[in-house]
Structures are given as C-alpha cells and as structure tokens.
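Undergrad: Once you've had a glance at the structure underneath, I'll fire off some questions.
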Amino acid sequence: MVPQFYAPLWGNTLPFESFCNNVKNAGYTGVEMHLPFEQQEKRKILSILHDFELQLIGQYWQSHEKNIDAHATTFEQYLRHLIEARPIFINSQTGKDYFTFEQNKRLFDIARRLSQETGIAIIHETHRGKCLFAAPVAYQYLSKIPDLRICLDISHWCNVHESLLADQQEYTDLAIAHTHHIHSRVGHPEGPQVNDPRAPEWSETLQAHLSWWDKVVDIHRKKGTQLTITTEFGPATYMPVLPYTQMPVANQWEINVYMMNLLKERYKT
C-alpha cells in the first residue's frame with residue numbers, strides 16, 4: 001500500500017482549471033474540497049476534475065448553528081449535497097466542542113445512516129472547535145462508537161494540549177487505530193501550523209508527526225487498505241504572517257508539495 005495524496009482547495013486564489021493543472025502536474029491524485037450549492041458552478045467544478053483525471057474528497061466544515069436541531073438539519077443537507085458528487089469519501093468537521101456527547105452522537109448517527117444508504121464513507125476530523133477537538137475527548141467517542149472512522153489532523157491536538165502529546169499515548173494510539181485519512185499539517189504546542197516544516201528548528205516537531213503517521217501507514221499496510229493523505233498546510237493567516245504587512249512568511253503551495261514529496265519518498269515501499 002502506497003498512500004494517495006490530495007491537494008487542499010483551501011487557500012487557492014487561481015482559476016479552478018489552473019489550480020487543477022498545477023495539482024495534476026505536481027503529482028497529486030486529487031483534490032479535497034467543499035462544493036457550491038449553485039448547480040451550474042458545481043457541475044463545472046466536477047467536469048474540470050474529470051478532465052484532469054483528479055479524484056474528489058468531499059469536505060464539510062460549515063458547522064455554524066448553535067441549536068442542535070438546526071445544526072443536524074444543515075449537516076444532513078450538506079452531506080447529501082456532497083454525496084451527489086460521488087466523492088471517494090467525505091471528510092467532515094463534525095459537531096461542536098460545546099455539544100454534549102449525545103448531541104454529537106446524533107450527528108455521527110446521521111452520517112452513518114447516509115453512508116449506509118449511499119455507500120459513501122463519511123469520516124470525522126480531529127479539529128479544534130468540533131466534536132473531536134481534544135485527544136481525551138476523542139478517546140471517549142472512539143471507545144463508545146467503535147465503528148467511527150476519522151481524519152487524523154493531530155496538529156490541532158498539539159495546539160489544544162500545548163504539547164507534542166508525550167503524556168497522551170493511550171489516546172493517540174486509539175485515534176491512530178481509527179484513522180482513515182490524514183491531514184499532514186505539522187502543528188506545535190503554541191499553534192496548529194509551524195511556519196515552515198523545512199526549517200531545522202522544527203525538526204523535533206516534524207519527527208513527532210512523522211512517527212504518528214508512520215503508525216497509521218503501518219496499520220493500513222497490514223490491513224491492505226488504501227490510505228489517503230491531504231497536505232493541508234493553510235494560507236495566511238493560518239500561515240504565520242509578518243506584522244504590519246500581513247505577508248505570509250512562507251509559500252503555502254511550495255510547503256504542501258514539499259510535504260507530499262517527503263511522504264511519497266518515505267512511504268514508497
């Protein structure tokens with residue numbers, strides 16, 4: 001099993017066709033992105049992806065409603081909208097950190113039902129502000145809902161716990177065992193994204209993330225299942241910026257391609 005790599009639409013400022021051309025030429029398998037509700041625009045996006053032979057990972061992040069009933073209705077609407085495009089799966093930033101266990105479980109149950117109806121897997125991202133925002137919280141969900149599959153973006157947990165999680169191995173090990181997809185951003189104790197993972201001062205932090213990802217790759221190889229990775233370093237101001245000018249301190253696209261090539265080389269055999 002060699003991982004497949006996806007580019008994030010997040011941060012792109014080019015026309016979509018130009019972006020896809022760059023994605024294809026860089027060696028990605030596809031794109032991870034949300035889709036507009038406007039049908040003509042949606043069809044155009046899917047046509048361009050098809051023309052460039054790029055696969056789609058559907059992305060849901062619009063978890064805004066505080067009322068759980070309204071939230072659940074919108075959640076299902078967005079998921080059905082993505083399912084119509086027949087992505088290889090949907091990565092969902094599900095729920096809220098302030099919802100109760102039962103409220104967030106209601107959303108997981110909706111996702112499970114839709115997956116069973118349509119055959120499209122829906123996984124759930126470890127993301128700040130969402131239901132899986134912290135390692136011990138995710139542990140509770142994963143322990144009680146054993147079929148839950150996740151997108152492991154462990155950079156968020158480094159930030160939430162202000163550490164490289166050395167004291168939370170029990171929690172991270174369970175998350176790794178449930179990982180379907182990786183966001184290969186490198187976080188640190190004071191933020192969800194280092195300014196440049198190529199810089200030597202981040203070597204220890206990068207190695208911590210590589211060790212987590214190595215475990216995920218090993219599990220998928222033993223099971224014979226396909227692992228996907230989105231190189232999801234973000235744009236300014238997620239990318240640190242200079243004061244006054246607000247100019248990003250590094251190039252998002254270059255870093256994401258660097259991460260893809262680093263991991264391709266690491267996991268090629």
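Letters A, B, ... go to the chains of the structure tokens in the order shown; residues in each chain start at 1; ligands are counted from 1 in the same order.
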Find the residues around Thr29 in chain A up to 7 Å (only C-alpha atoms counted), leave out those fewer than 4 positions away in its own chain, and share them as a ChimeraX atom specification.
TA: /A:4-6,54-55
Undergrad: Tell me which protein, DNA and RNA residues are within 7 Å of range 96-110 of chain A, counting only C-alpha atoms, leaving out same-chain ones fewer than 5 positions away, and put them as a compact mmCIF listing (two decimals) with C-alpha atoms, in the first residue's frame.
TA:
```txt
# COMPACT_ATOMS: atom_id res chain seq x y z
CA ILE A 68 -28.63 21.12 17.66
CA ALA A 72 -28.48 18.46 12.39
CA GLU A 76 -27.56 16.36 6.59
CA GLY A 129 -13.88 23.69 17.91
CA LYS A 130 -15.51 20.48 16.65
CA CYS A 131 -16.55 17.32 18.47
CA PHE A 133 -11.21 18.72 19.38
```
Undergrad: Run DSSP on the backbone and tell me which residues of range 59-262 of chain A come out as helix (DSSP H, G or I); list them as a ChimeraX atom specification.
TA: /A:68-83,101-118,135-144,155-161,169-177,200-223,252-262
Undergrad: My list of candidates is A:Met1, A:Gly187, A:Leu46, A:Gln93. Which is closest to Lys268 in chain A when distances are computed with only C-alpha atoms?
TA: A:Met1
Undergrad: For Met247 in chain A, please output as a compact mmCIF listing (two decimals) with N, CA, C and O atoms, in the first residue's frame all residues within 9 Å (counting only C-alpha atoms; exclusion window: fewer than 4 positions along the same chain).
TA:
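Generated file (around01.txt):
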```
# COMPACT_ATOMS: atom_id res chain seq x y z
N ALA A 236 -2.28 32.30 4.75
CA ALA A 236 -2.36 33.38 5.75
C ALA A 236 -3.84 33.61 6.10
O ALA A 236 -4.70 33.54 5.23
N THR A 237 -4.18 33.81 7.35
CA THR A 237 -3.30 33.98 8.49
C THR A 237 -3.13 32.69 9.31
O THR A 237 -2.59 32.73 10.42
N PRO A 240 1.63 31.68 9.54
CA PRO A 240 2.08 32.89 10.23
C PRO A 240 2.44 34.01 9.24
O PRO A 240 2.92 33.75 8.14
N VAL A 241 2.18 35.24 9.68
CA VAL A 241 2.41 36.39 8.80
C VAL A 241 3.30 37.41 9.51
O VAL A 241 3.44 37.42 10.73
N LEU A 242 3.89 38.28 8.69
CA LEU A 242 4.71 39.36 9.23
C LEU A 242 3.81 40.47 9.78
O LEU A 242 2.71 40.69 9.27
N PRO A 243 4.25 41.17 10.81
CA PRO A 243 3.46 42.28 11.33
C PRO A 243 3.35 43.41 10.31
O PRO A 243 4.22 43.57 9.44
```
Undergrad: Here is a test: counting only C-alpha atoms, which residue of A:Ile176, A:Ile90, A:Val186, A:Ala7 is nearest to Asn159 in chain A?
TA: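 Selected residue with least distance to Asn159 in chain A: A:Val186.
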Undergrad: In Å, how far is it from CA of Arg86 in chain A to CA of Val257 in chain A?
TA: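 Computing it gives 26.0 Å between the two atoms.
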Undergrad: So that I can see what lies close to Ala26 in chain A, please list as a list in words the residues with an atom at most 10 Å from it, counting only C-alpha atoms and leaving out residues fewer than 4 positions away in the same chain.
TA: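 Residues near the query, excluding close chain neighbours: Ala7, Cys20, Asn21, Asn22, Val257, Met260 and Asn261 of chain A.
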Undergrad: Restrict the selected residues to N, CA and C atoms and save them as a PDB file, in the first residue's frame.
TA:
```pdb
ATOM      1  N   ALA A   7      -4.552  17.401  -2.766  1.00  0.00           N
ATOM      2  CA  ALA A   7      -4.259  18.814  -2.524  1.00  0.00           C
ATOM      3  C   ALA A   7      -5.476  19.502  -1.925  1.00  0.00           C
ATOM      4  N   CYS A  20      -6.198  23.063 -10.861  1.00  0.00           N
ATOM      5  CA  CYS A  20      -6.181  21.628 -11.144  1.00  0.00           C
ATOM      6  C   CYS A  20      -5.009  21.233 -12.020  1.00  0.00           C
ATOM      7  N   ASN A  21      -4.643  22.091 -12.947  1.00  0.00           N
ATOM      8  CA  ASN A  21      -3.474  21.825 -13.776  1.00  0.00           C
ATOM      9  C   ASN A  21      -2.221  21.723 -12.903  1.00  0.00           C
ATOM     10  N   ASN A  22      -2.081  22.628 -11.954  1.00  0.00           N
ATOM     11  CA  ASN A  22      -0.932  22.583 -11.039  1.00  0.00           C
ATOM     12  C   ASN A  22      -0.974  21.336 -10.153  1.00  0.00           C
ATOM     13  N   VAL A 257       3.518  20.859  -1.473  1.00  0.00           N
ATOM     14  CA  VAL A 257       4.188  19.963  -2.426  1.00  0.00           C
ATOM     15  C   VAL A 257       5.410  19.317  -1.759  1.00  0.00           C
ATOM     16  N   MET A 260       4.142  16.512   0.385  1.00  0.00           N
ATOM     17  CA  MET A 260       3.761  15.362  -0.431  1.00  0.00           C
ATOM     18  C   MET A 260       4.992  14.569  -0.866  1.00  0.00           C
ATOM     19  N   ASN A 261       6.003  15.258  -1.362  1.00  0.00           N
ATOM     20  CA  ASN A 261       7.195  14.562  -1.854  1.00  0.00           C
ATOM     21  C   ASN A 261       7.966  13.902  -0.724  1.00  0.00           C
TER      22      ASN A 261
END
```
Undergrad: Which residues, written as a list of chain:residue names, have at least one atom at most 8 Å from Leu152 in chain A, with only C-alpha atoms counted and residues fewer than 6 positions away on the same chain left out?
TA: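 Residues near the query, excluding close chain neighbours: A:Glu125, A:Thr126, A:Ala175, A:Ile176, A:Thr179, A:His180, A:His181, A:Ile182, A:His183.
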Undergrad: Can you work out which one of A:Thr73, A:Thr269, A:Ser155, A:Asn25 has the shortest atom-to-atom distance to Trp213 in chain A, counting only C-alpha atoms?
TA: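 Between A:Thr73, A:Thr269, A:Ser155, A:Asn25, the residue approaching Trp213 in chain A most closely is A:Ser155.
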Undergrad: Which residues come within 8 Å of Tyr60 in chain A, counting only C-alpha atoms, excluding same-chain residues fewer than 6 positions away, as a PyMOL selection string?
TA: chain A and resi 34+78-79+90-94
Undergrad: Restricting the output to N, CA and C atoms, write the selected residues as a short mmCIF file (atom, residue, chain, number, x, y, z; two decimals), in the first residue's frame.
TA:
```cif
data_model
loop_
_atom_site.label_atom_id
_atom_site.label_comp_id
_atom_site.auth_asym_id
_atom_site.auth_seq_id
_atom_site.Cartn_x
_atom_site.Cartn_y
_atom_site.Cartn_z
N HIS A 34 -14.82 21.52 -0.54
CA HIS A 34 -16.27 21.62 -0.47
C HIS A 34 -16.79 21.90 -1.87
N TYR A 78 -25.86 19.38 3.83
CA TYR A 78 -24.53 19.50 3.24
C TYR A 78 -23.98 18.13 2.84
N LEU A 79 -24.18 17.14 3.69
CA LEU A 79 -23.66 15.81 3.37
C LEU A 79 -24.33 15.25 2.12
N ILE A 90 -16.21 11.43 2.21
CA ILE A 90 -16.41 12.78 2.73
C ILE A 90 -15.67 12.91 4.05
N ASN A 91 -14.90 13.98 4.17
CA ASN A 91 -14.25 14.32 5.43
C ASN A 91 -15.03 15.44 6.09
N SER A 92 -15.54 15.18 7.28
CA SER A 92 -16.46 16.09 7.95
C SER A 92 -15.86 16.64 9.24
N GLN A 93 -15.89 17.97 9.36
CA GLN A 93 -15.57 18.62 10.64
C GLN A 93 -16.88 18.65 11.45
N THR A 94 -17.12 17.55 12.13
CA THR A 94 -18.45 17.27 12.69
C THR A 94 -18.63 17.89 14.07
#
```
Undergrad: Go through A:Pro36, A:Gly27, A:Pro248, A:Pro192 one by one, measure the shortest atom-to-atom distance of each to Glu232 in chain A using only C-alpha atoms, and give the residue with the smallest value.
TA: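 The shortest atom-to-atom distance to Glu232 in chain A comes from A:Pro192.
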Undergrad: Could you check the closest approach to Ile88 in chain A for each of A:Thr228, A:Asn12, A:Tyr258, A:Tyr141 and tell me which residue wins, using only C-alpha atoms?
TA: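 Closest to Ile88 in chain A of all the choices is A:Thr228.
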Undergrad: Quick one: distance from CA of Pro8 in chain A to CA of Glu32 in chain A in Å, one decimal?
TA: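 Those two atoms sit 5.0 Å apart.
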Undergrad: Measuring between only C-alpha atoms, which one of A:Ile150, A:Met33, A:Leu82, A:Leu262 shows the shortest distance to Leu227 in chain A?
TA: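 Under the stated criterion, the closest residue is A:Ile150.
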Undergrad: I need the residues in range 74-152 of chain A that are strand (DSSP E or B) according to DSSP; give them as a list in words.
TA: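 Answer for range 74-152 of chain A, restricted to strand (DSSP E or B): Phe89, Ile90, Asn91, Ser92, Ile122, Ile123, His124, Glu125, Ile150, Cys151 and Leu152 of chain A.
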Undergrad: Export C-alpha atoms of the chosen residues as a PDB file, in the first residue's frame?
TA:
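Ended up saving to out01.pdb:
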```pdb
ATOM      1  CA  PHE A  89     -15.403   9.727   0.690  1.00  0.00           C
ATOM      2  CA  ILE A  90     -16.412  12.781   2.734  1.00  0.00           C
ATOM      3  CA  ASN A  91     -14.246  14.318   5.428  1.00  0.00           C
ATOM      4  CA  SER A  92     -16.456  16.093   7.949  1.00  0.00           C
ATOM      5  CA  ILE A 122     -18.160   9.753   5.906  1.00  0.00           C
ATOM      6  CA  ILE A 123     -15.278  10.246   8.310  1.00  0.00           C
ATOM      7  CA  HIS A 124     -14.823  12.816  11.070  1.00  0.00           C
ATOM      8  CA  GLU A 125     -11.894  15.181  11.516  1.00  0.00           C
ATOM      9  CA  ILE A 150     -11.551   9.684  11.494  1.00  0.00           C
ATOM     10  CA  CYS A 151      -9.366  12.089   9.617  1.00  0.00           C
ATOM     11  CA  LEU A 152      -6.321  12.479  11.857  1.00  0.00           C
TER      12      LEU A 152
END
```
Undergrad: Quick check, in Å to one decimal: how far apart do CA of Glu204 in chain A and CA of Leu164 in chain A lie?
TA: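 We find that CA of Glu204 in chain A and CA of Leu164 in chain A lie 9.6 Å from each other.
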